[in-house]
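*Asks:* Attaching a single structure in structure tokens format; questions to follow.
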Amino acid sequence: MKCQYCEKPATFHITELVGPDGPSVTHLCEEHARKYLSSESPTPLAAVASALAKQLKLGQTKEELAELDRKACPVCGITFYEFRNAGRLGCPFDYTHFRKDLEPLLANIHDSVEHIGKRPKRAAHAAGVQGRAIQLRREMEEAVEHEDYERASVLRDQLRALESGDDAGAQPQAEQPGQGDC
């Protein structure tokens with residue numbers, strides 16, 4: 001469907017319920033939608049339009065969004081595109097890595113970017129240990145994918161040691177003589 005004001009494809013479809021004549025539907029391209037939503041019209045639609053403009057964050061162009069979608073966490077490997085589709089982050093470091101991109105979203109949803117309220121009584125794993133475990137799992141999956149089973153078994157052992165609380169799991173183990181010999 002095309003924009004009502006130009007030949008570009010319509011990406012915004014706004015339905016207004018106006019009187020007994022029934023709904024009025026407006027089809028607009030991004031450029032005309034930006035003008036329409038930012039106009040200071042005295043209609044009741046103005047409040048809804050400003051809320052919609054805030055929600056859609058119209059300041060972001062298609063190119064900026066595509067660049068943001070390619071951004072990936074160095075620990076777990078999740079991309080911002082995967083986050084937008086799934087609605088879940090991959091690890092605790094994603095909050096740090098995507099901080100500048102998540103803050104407007106959190107402020108919009110929660111009206112704050114700071115947690116206020118209860119916290120778990122039992123202590124969670126240290127972020128560094130949890131991050132290392134996620135990284136080891138990812139490396140182990142990649143090793144299995146590349147059929148490097150010896151490396152995968154070393155990573156598995158490191159992961160088990162890390163999860164059991166043994167500090168040896170946090171550092172790569174040196175290969176012992178006799179290991180890997182067939």
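Residues in the structure tokens are numbered from 1 in each chain, the chains being A, B, ... in the order shown, and ligands are numbered from 1 in the order shown.
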At a cut-off of 12 Å, using only C-alpha atoms, what residues contact region 83-99 of chain A? Leave out same-chain residues fewer than 3 positions from it and give the result as a ChimeraX atom specification.
*Replies:* /A:65-66,68-80,102-107,113,124-135,137-138
*Asks:* Can you list every residue in region 56-155 of chain A that DSSP puts in alpha helix (DSSP H), as JSON, numbers by chain?
*Replies:* {"A": [56, 62, 63, 64, 65, 66, 67, 68, 69, 70, 80, 81, 82, 83, 84, 85, 86, 93, 94, 95, 96, 97, 99, 100, 101, 102, 103, 104, 105, 106, 107, 108, 109, 110, 127, 128, 129, 130, 131, 132, 133, 134, 135, 136, 137, 138, 139, 140, 141, 142, 143, 144, 145, 149, 150, 151, 152, 153, 154, 155]}
*Asks:* Which one of A:Ala10, A:Leu28, A:Ser164, A:Glu139 sits closest to Ala152 (chain A) if you count only C-alpha atoms?
*Replies:*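 Closest residue, counting only C-alpha atoms: A:Glu139.
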*Asks:* For CA of Met1 (chain A) and CA of Asp21 (chain A), determine how far apart the two atoms are, in Å to one decimal place.
*Replies:*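 Distance between the two atoms: 23.0 Å.
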*Asks:* Report, in Å with one decimal, the straight-line distance from CA of Glu82 (chain A) to CA of Ile109 (chain A).
*Replies:*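 Distance between the two atoms: 19.1 Å.
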*Asks:* Could you pull the residues within 10 Å of Arg151 (chain A), counting only C-alpha atoms, minus those fewer than 4 positions along the same chain, as a short mmCIF file (atom, residue, chain, number, x, y, z; two decimals) with C-alpha atoms, in the first residue's frame?
*Replies:*
```cif
data_model
loop_
_atom_site.label_atom_id
_atom_site.label_comp_id
_atom_site.auth_asym_id
_atom_site.auth_seq_id
_atom_site.Cartn_x
_atom_site.Cartn_y
_atom_site.Cartn_z
CA GLU A 139 33.40 -22.11 23.22
CA MET A 140 32.47 -25.74 23.96
CA GLU A 142 31.85 -24.09 18.84
CA ALA A 143 34.45 -26.82 19.47
CA VAL A 144 31.80 -29.55 19.03
CA GLU A 147 34.46 -31.50 15.65
CA LEU A 155 36.26 -26.90 28.15
CA ARG A 156 33.64 -29.21 29.67
CA ASP A 157 36.02 -30.06 32.54
CA GLY A 180 45.39 -36.69 24.05
#
```
*Asks:* Please compute the CA of Pro9 (chain A)-CA of Tyr36 (chain A) distance, one decimal, in Å.
*Replies:* 15.9 Å
